[in-house]
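To keep things clear, I will list the structure first and then write my remarks on it.
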Amino acid sequence: MRSTKWGIGVRLSGFVDDEARERFFSLYDQAMAAWPRHTRHEVATSFGPTAVHRAHGGTGPPLVLLHGGNATSASWAPIMPMLTAYGTVLAVDTLGDAGASVQKRPVTDARERAQWLDEVLAELDCDRAHLIGLSYGGWMALNQAVHRPRRVASVTALEPARALVPVRAAFVLRALVVLLTGSRAAAGRYLAWCRAGRVPPPPMRDLLVSALLDHRQRAVTAPQALTDDQLRAITVPTLVVLGGRSPVHDVRRAAERARRLLPGHRTEIVPDAGHGLPADAPEAVGRLIRSFLAELSPAADRHGTPPPPR
(Lines give C-alpha, C1' and ligand atoms only; values in the text may rest on other atoms or scores of the structure.)
Protein backbone atom coordinates (compact mmCIF):
# COMPACT_ATOMS: atom_id res chain seq x y z
CA MET A 1 0.00 0.00 0.00
CA ARG A 2 1.38 3.37 -0.94
CA SER A 3 1.95 5.89 1.81
CA THR A 4 -0.41 8.86 2.14
CA LYS A 5 2.21 10.70 4.15
CA TRP A 6 2.45 13.53 1.64
CA GLY A 7 -1.33 14.34 1.70
CA ILE A 8 -2.43 16.78 -1.01
CA GLY A 9 -3.43 20.21 0.30
CA VAL A 10 -2.32 19.63 3.90
CA ARG A 11 -0.69 22.77 5.34
CA LEU A 12 0.27 21.73 8.85
CA SER A 13 1.77 18.58 10.29
CA GLY A 14 -0.53 15.88 11.57
CA PHE A 15 -1.42 12.22 11.44
CA VAL A 16 -2.56 10.61 8.20
CA ASP A 17 -5.90 9.55 9.72
CA ASP A 18 -7.51 8.53 13.02
CA GLU A 19 -6.37 4.92 12.70
CA ALA A 20 -2.76 6.08 12.24
CA ARG A 21 -3.07 8.34 15.27
CA GLU A 22 -4.38 5.53 17.45
CA ARG A 23 -1.66 3.15 16.28
CA PHE A 24 1.06 5.71 16.96
CA PHE A 25 -0.09 6.64 20.47
CA SER A 26 -0.61 3.02 21.49
CA LEU A 27 3.03 2.36 20.59
CA TYR A 28 4.16 5.66 22.12
CA ASP A 29 2.60 4.84 25.50
CA GLN A 30 4.24 1.40 25.43
CA ALA A 31 7.66 2.84 24.58
CA MET A 32 7.42 5.58 27.23
CA ALA A 33 6.90 2.86 29.85
CA ALA A 34 10.70 2.35 29.65
CA TRP A 35 11.17 5.82 31.15
CA PRO A 36 11.49 6.36 34.90
CA ARG A 37 8.41 7.78 36.62
CA HIS A 38 7.33 10.93 34.79
CA THR A 39 4.42 13.20 33.92
CA ARG A 40 3.28 14.70 30.63
CA HIS A 41 1.77 18.15 30.29
CA GLU A 42 1.24 20.86 27.69
CA VAL A 43 2.68 24.35 27.45
CA ALA A 44 1.20 27.06 25.27
CA THR A 45 3.19 28.59 22.42
CA SER A 46 2.23 30.85 19.53
CA PHE A 47 2.87 27.91 17.17
CA GLY A 48 0.63 25.45 19.03
CA PRO A 49 0.41 23.49 22.29
CA THR A 50 3.65 21.66 23.01
CA ALA A 51 3.87 18.44 25.04
CA VAL A 52 6.65 18.05 27.61
CA HIS A 53 7.58 14.93 29.59
CA ARG A 54 8.97 15.74 33.05
CA ALA A 55 11.06 13.32 35.13
CA HIS A 56 12.31 14.69 38.43
CA GLY A 57 15.93 14.09 39.30
CA GLY A 58 19.02 15.56 40.93
CA THR A 59 19.82 19.08 42.00
CA GLY A 60 21.42 20.40 38.81
CA PRO A 61 19.78 22.80 36.37
CA PRO A 62 17.09 21.20 34.16
CA LEU A 63 18.09 19.14 31.16
CA VAL A 64 15.90 19.84 28.13
CA LEU A 65 15.89 16.97 25.64
CA LEU A 66 15.21 17.52 21.93
CA HIS A 67 14.66 14.28 20.02
CA GLY A 68 15.60 13.54 16.43
CA GLY A 69 13.22 13.59 13.48
CA ASN A 70 10.59 10.83 13.82
CA ALA A 71 12.40 9.61 16.93
CA THR A 72 10.01 10.93 19.68
CA SER A 73 10.85 11.59 23.32
CA ALA A 74 10.77 7.81 23.93
CA SER A 75 14.18 7.55 22.22
CA TRP A 76 15.89 8.92 25.35
CA ALA A 77 14.93 5.94 27.54
CA PRO A 78 18.33 4.15 27.37
CA ILE A 79 20.21 7.10 28.97
CA MET A 80 17.46 8.44 31.23
CA PRO A 81 18.93 6.99 34.46
CA MET A 82 22.16 8.93 33.97
CA LEU A 83 20.31 12.11 33.04
CA THR A 84 17.86 12.12 35.95
CA ALA A 85 20.78 11.51 38.30
CA TYR A 86 21.97 15.00 37.36
CA GLY A 87 18.74 16.99 37.38
CA THR A 88 15.12 17.23 36.32
CA VAL A 89 14.63 16.12 32.73
CA LEU A 90 12.20 17.91 30.42
CA ALA A 91 11.78 16.07 27.12
CA VAL A 92 10.00 18.14 24.50
CA ASP A 93 7.88 16.64 21.74
CA THR A 94 9.09 18.69 18.78
CA LEU A 95 6.19 20.66 17.38
CA GLY A 96 5.52 19.54 13.81
CA ASP A 97 6.98 16.06 14.33
CA ALA A 98 5.16 12.89 15.38
CA GLY A 99 4.22 13.20 19.04
CA ALA A 100 1.74 14.83 21.40
CA SER A 101 2.40 18.43 20.32
CA VAL A 102 -0.19 19.94 17.96
CA GLN A 103 0.98 22.38 15.31
CA LYS A 104 -1.30 25.39 14.74
CA ARG A 105 1.09 27.66 12.84
CA PRO A 106 3.94 27.00 10.38
CA VAL A 107 7.55 27.04 11.60
CA THR A 108 9.13 28.47 8.49
CA ASP A 109 12.78 29.14 9.27
CA ALA A 110 15.55 28.71 11.82
CA ARG A 111 14.65 31.90 13.71
CA GLU A 112 11.04 30.78 14.15
CA ARG A 113 12.22 27.36 15.37
CA ALA A 114 14.34 29.16 17.97
CA GLN A 115 11.40 31.39 18.86
CA TRP A 116 9.17 28.34 19.46
CA LEU A 117 11.73 26.71 21.73
CA ASP A 118 12.32 29.95 23.62
CA GLU A 119 8.57 30.17 24.26
CA VAL A 120 8.61 26.58 25.56
CA LEU A 121 11.50 27.32 27.93
CA ALA A 122 9.78 30.48 29.15
CA GLU A 123 6.54 28.58 29.88
CA LEU A 124 8.57 25.98 31.78
CA ASP A 125 10.22 28.75 33.87
CA CYS A 126 13.64 27.67 32.59
CA ASP A 127 15.84 30.72 33.05
CA ARG A 128 18.86 28.54 32.26
CA ALA A 129 18.71 25.04 30.83
CA HIS A 130 21.14 22.48 29.43
CA LEU A 131 19.95 21.58 25.92
CA ILE A 132 20.64 18.01 24.76
CA GLY A 133 19.58 17.20 21.21
CA LEU A 134 19.87 14.28 18.82
CA SER A 135 20.05 14.69 15.01
CA TYR A 136 17.37 17.32 14.20
CA GLY A 137 17.30 18.06 17.92
CA GLY A 138 21.08 18.51 17.90
CA TRP A 139 20.70 21.08 15.14
CA MET A 140 17.91 22.76 17.16
CA ALA A 141 20.15 23.02 20.22
CA LEU A 142 22.96 24.65 18.23
CA ASN A 143 20.45 26.84 16.42
CA GLN A 144 19.11 28.01 19.79
CA ALA A 145 22.62 29.00 20.88
CA VAL A 146 22.89 31.07 17.69
CA HIS A 147 19.50 32.83 17.68
CA ARG A 148 18.09 32.71 21.25
CA PRO A 149 20.97 31.94 23.66
CA ARG A 150 19.63 33.80 26.73
CA ARG A 151 18.09 30.74 28.38
CA VAL A 152 20.79 28.28 27.26
CA ALA A 153 23.30 27.13 29.89
CA SER A 154 25.00 24.62 27.57
CA VAL A 155 24.48 22.60 24.40
CA THR A 156 25.06 18.90 23.84
CA ALA A 157 24.62 18.16 20.12
CA LEU A 158 24.49 14.45 19.32
CA GLU A 159 24.92 13.77 15.59
CA PRO A 160 23.53 17.23 14.69
CA ALA A 161 21.83 16.94 11.29
CA ARG A 162 23.24 19.31 8.62
CA ALA A 163 24.57 21.73 11.23
CA LEU A 164 28.24 20.94 10.53
CA VAL A 165 28.31 19.17 7.15
CA PRO A 166 25.71 18.14 4.55
CA VAL A 167 23.90 14.84 4.88
CA ARG A 168 24.84 12.20 2.36
CA ALA A 169 22.66 11.73 -0.71
CA ALA A 170 22.05 8.10 0.29
CA PHE A 171 20.36 9.29 3.49
CA VAL A 172 17.87 11.40 1.54
CA LEU A 173 17.26 8.77 -1.15
CA ARG A 174 16.64 5.96 1.33
CA ALA A 175 14.21 8.12 3.28
CA LEU A 176 12.34 9.02 0.07
CA VAL A 177 11.96 5.34 -0.84
CA VAL A 178 10.31 4.70 2.53
CA LEU A 179 7.99 7.68 2.30
CA LEU A 180 6.95 7.12 -1.31
CA THR A 181 6.34 3.38 -1.00
CA GLY A 182 4.88 3.36 2.51
CA SER A 183 6.66 0.05 3.05
CA ARG A 184 7.13 -0.86 6.72
CA ALA A 185 9.77 -3.41 5.73
CA ALA A 186 11.70 -0.68 3.89
CA ALA A 187 11.32 1.56 6.94
CA GLY A 188 12.89 -1.14 9.12
CA ARG A 189 15.82 -1.51 6.72
CA TYR A 190 16.28 2.27 6.64
CA LEU A 191 16.40 2.46 10.44
CA ALA A 192 18.96 -0.35 10.59
CA TRP A 193 21.11 1.43 8.00
CA CYS A 194 21.01 4.72 9.94
CA ARG A 195 21.98 2.97 13.16
CA ALA A 196 24.92 0.91 11.86
CA GLY A 197 22.84 -2.26 11.80
CA ARG A 198 21.28 -1.77 15.24
CA VAL A 199 17.50 -1.45 15.51
CA PRO A 200 15.86 -1.32 18.94
CA PRO A 201 13.40 -4.08 19.81
CA PRO A 202 9.63 -3.57 19.91
CA PRO A 203 7.82 -1.43 20.82
CA MET A 204 10.48 1.22 20.05
CA ARG A 205 11.17 -0.16 16.59
CA ASP A 206 7.48 -0.17 15.70
CA LEU A 207 7.08 3.35 17.08
CA LEU A 208 9.89 4.62 14.86
CA VAL A 209 8.24 3.04 11.82
CA SER A 210 4.87 4.51 12.79
CA ALA A 211 6.38 7.98 13.19
CA LEU A 212 7.87 7.68 9.69
CA LEU A 213 4.72 6.47 7.94
CA ASP A 214 1.71 7.54 10.00
CA HIS A 215 2.50 11.23 10.36
CA ARG A 216 2.81 14.04 7.80
CA GLN A 217 5.58 16.62 8.14
CA ARG A 218 4.31 20.01 7.04
CA ALA A 219 5.34 23.65 7.52
CA VAL A 220 8.44 22.68 9.49
CA THR A 221 11.82 24.08 8.57
CA ALA A 222 14.48 21.53 7.65
CA PRO A 223 17.76 21.67 9.60
CA GLN A 224 20.02 24.24 7.98
CA ALA A 225 23.78 24.44 7.72
CA LEU A 226 25.35 26.76 10.26
CA THR A 227 27.84 29.21 8.81
CA ASP A 228 31.39 29.59 10.07
CA ASP A 229 30.47 32.91 11.67
CA GLN A 230 27.44 31.40 13.41
CA LEU A 231 29.47 28.56 14.87
CA ARG A 232 32.25 30.90 16.01
CA ALA A 233 29.62 33.10 17.70
CA ILE A 234 28.39 30.29 19.99
CA THR A 235 29.64 31.22 23.44
CA VAL A 236 27.78 28.74 25.66
CA PRO A 237 29.70 25.58 26.57
CA THR A 238 29.13 23.02 23.83
CA LEU A 239 29.68 19.28 23.48
CA VAL A 240 29.44 17.69 20.03
CA VAL A 241 29.20 13.89 19.93
CA LEU A 242 29.34 11.93 16.67
CA GLY A 243 28.85 8.26 15.88
CA GLY A 244 31.95 6.80 14.31
CA ARG A 245 29.85 4.51 12.09
CA SER A 246 27.16 7.03 11.23
CA PRO A 247 26.27 6.78 7.53
CA VAL A 248 24.29 10.03 7.61
CA HIS A 249 27.24 12.39 7.07
CA ASP A 250 31.02 12.50 6.83
CA VAL A 251 31.95 12.05 10.48
CA ARG A 252 35.59 13.05 10.05
CA ARG A 253 34.70 16.31 8.28
CA ALA A 254 32.02 17.11 10.87
CA ALA A 255 34.48 16.60 13.72
CA GLU A 256 37.16 18.69 12.03
CA ARG A 257 34.75 21.58 11.44
CA ALA A 258 33.47 21.47 15.01
CA ARG A 259 36.99 21.46 16.43
CA ARG A 260 38.08 24.29 14.14
CA LEU A 261 35.10 26.59 14.68
CA LEU A 262 34.15 25.73 18.26
CA PRO A 263 37.53 26.12 19.97
CA GLY A 264 37.43 25.56 23.69
CA HIS A 265 34.39 23.31 23.34
CA ARG A 266 34.44 19.50 23.25
CA THR A 267 34.02 17.24 20.23
CA GLU A 268 33.94 13.47 20.72
CA ILE A 269 33.49 10.46 18.45
CA VAL A 270 31.97 7.20 19.75
CA PRO A 271 33.73 4.72 17.45
CA ASP A 272 31.19 1.89 17.14
CA ALA A 273 27.99 3.95 17.22
CA GLY A 274 25.73 4.90 14.33
CA HIS A 275 23.35 7.85 14.07
CA GLY A 276 21.11 6.79 16.97
CA LEU A 277 23.64 7.53 19.70
CA PRO A 278 21.49 7.16 22.87
CA ALA A 279 20.31 3.71 21.74
CA ASP A 280 23.52 2.64 19.97
CA ALA A 281 25.93 3.40 22.84
CA PRO A 282 23.98 4.49 25.94
CA GLU A 283 26.75 3.99 28.47
CA ALA A 284 29.40 5.81 26.43
CA VAL A 285 27.05 8.68 25.56
CA GLY A 286 25.80 8.92 29.13
CA ARG A 287 29.37 9.11 30.45
CA LEU A 288 30.28 11.86 27.98
CA ILE A 289 27.25 13.96 28.93
CA ARG A 290 27.87 13.35 32.63
CA SER A 291 31.52 14.42 32.47
CA PHE A 292 30.63 17.48 30.38
CA LEU A 293 27.99 18.60 32.86
CA ALA A 294 30.36 17.88 35.75
CA GLU A 295 32.91 20.29 34.27
CA LEU A 296 30.23 22.99 34.23
CA SER A 297 28.87 22.28 37.72
CA PRO A 298 31.21 20.09 39.78
CA ALA A 299 29.15 20.53 42.94
CA ALA A 300 25.93 19.36 41.31
CA ASP A 301 27.68 16.34 39.86
CA ARG A 302 29.31 15.47 43.18
CA HIS A 303 26.01 15.47 45.03
CA GLY A 304 23.61 14.35 42.36
CA THR A 305 25.28 11.95 39.92
CA PRO A 306 26.44 8.39 40.62
CA PRO A 307 29.69 7.03 39.21
CA PRO A 308 29.49 5.99 35.56
CA PRO A 309 28.76 2.33 34.80
CA ARG A 310 31.80 0.09 34.51
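For the C-alpha coordinates, the naming scheme is as follows: chains receive sequential letters (A, B, ...) according to their order of presentation, residues are indexed from 1 within each chain, and ligands are indexed from 1 in presentation order.
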*Using the chain letters and numbers from this document, which residues of segment 8-216 of chain A does DSSP assign to strand (DSSP E), as a VMD selection string?*
chain A and resid 14 to 15 39 to 43 50 to 55 60 to 66 87 to 92 129 to 134 152 to 158 215 to 216
*asked:* At a cut-off of 8 Å, using only C-alpha atoms, what residues contact segment 51-57 of chain A? Leave out same-chain residues fewer than 6 positions from it and give the result as a ChimeraX atom specification.
replied: /A:36-43,73,83-93,99-101
*Would you kindly return, as a VMD selection string, each protein, DNA or RNA residue with an atom no farther than 12 Å from any atom of Asp206 of chain A, considering only C-alpha atoms and excluding same-chain residues fewer than 2 positions away?*
chain A and resid 23 to 28 30 to 31 70 to 71 74 184 to 185 187 to 188 191 199 to 204 208 to 214
_If we count only C-alpha atoms and set the cut-off at 7 Å, which residues sit around Pro78 of chain A, ignoring sequence neighbours fewer than 5 positions away in its own chain? Please answer as a PyMOL selection string._
chain A and resi 278-279+282
Could those residues be written to a file, using all heavy atoms, as a tab-separated table (two decimals), in the first residue's frame?
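Contents of result_39.tsv, freshly written:
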```
chain	number	residue	atom	x	y	z
A	278	PRO	N	21.96	7.62	21.56
A	278	PRO	CA	21.49	7.16	22.87
A	278	PRO	C	21.15	5.67	22.92
A	278	PRO	O	21.33	5.02	23.94
A	278	PRO	CB	20.25	8.03	23.13
A	278	PRO	CG	20.46	9.23	22.29
A	278	PRO	CD	21.16	8.74	21.06
A	279	ALA	N	20.64	5.13	21.79
A	279	ALA	CA	20.31	3.71	21.74
A	279	ALA	C	21.51	2.86	21.34
A	279	ALA	O	21.67	1.73	21.79
A	279	ALA	CB	19.16	3.47	20.76
A	282	PRO	N	24.50	3.71	24.81
A	282	PRO	CA	23.98	4.49	25.94
A	282	PRO	C	24.98	4.77	27.04
A	282	PRO	O	25.03	5.88	27.57
A	282	PRO	CB	22.80	3.65	26.45
A	282	PRO	CG	23.01	2.28	25.88
A	282	PRO	CD	23.74	2.47	24.59
```
*Would you list the contacts of Arg252 of chain A as a list in words, taking every protein, DNA or RNA residue within 12 Å and counting only C-alpha atoms, but skipping same-chain residues closer than 5 positions in sequence?*
Leu164, Val165, Val241, Leu242, Gly243, Gly244, Arg245, Ser246, Pro247, Arg257, Ala258, Arg259, Thr267, Glu268, Ile269, Val270 and Pro271 of chain A
*Tell me, which residues of segment 115-244 of chain A carry DSSP helix (DSSP H, G or I), written as number ranges by chain?*
A: 115-123, 136-147, 149-151, 169-181, 184-194, 204-213, 228-232
Considering only C-alpha atoms, give me a table of residues in segment 4-96 of chain A that are at most 12 Å from segment 146-152 of chain A, with the closest atom pair and distance in Å for each, as JSON lines.
```
{"residue": "A:Pro61", "atom": "CA", "partner": "A:Val152", "partner_atom": "CA", "distance": 10.7}
{"residue": "A:Pro62", "atom": "CA", "partner": "A:Val152", "partner_atom": "CA", "distance": 10.6}
{"residue": "A:Leu63", "atom": "CA", "partner": "A:Val152", "partner_atom": "CA", "distance": 10.3}
{"residue": "A:Val64", "atom": "CA", "partner": "A:Val152", "partner_atom": "CA", "distance": 9.8}
```
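When the distance limit is 7 Å and only C-alpha atoms are what count, the residues near Ala153 of chain A, minus those fewer than 2 positions from it on the same chain, are Arg128, Ala129, His130, Arg151 and Val236 of chain A.
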*Polymer residues at most 8 Å from segment 102-107 of chain A, only C-alpha atoms, same-chain spacing of 4 or more positions, as a PyMOL selection string*: chain A and resi 12-14+46-50+95-96+112-113+218-221
*Pick out the closest residue to Ile132 of chain A from this set: A:Val240, A:Ala233, A:Leu288, A:Val155. Count only C-alpha atoms.*
A:Val155
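The shortest atom-to-atom distance to His249 of chain A, with only C-alpha atoms taken into account, belongs to A:Ala170 out of A:Ile234, A:Val178, A:Val285, A:Ala170.
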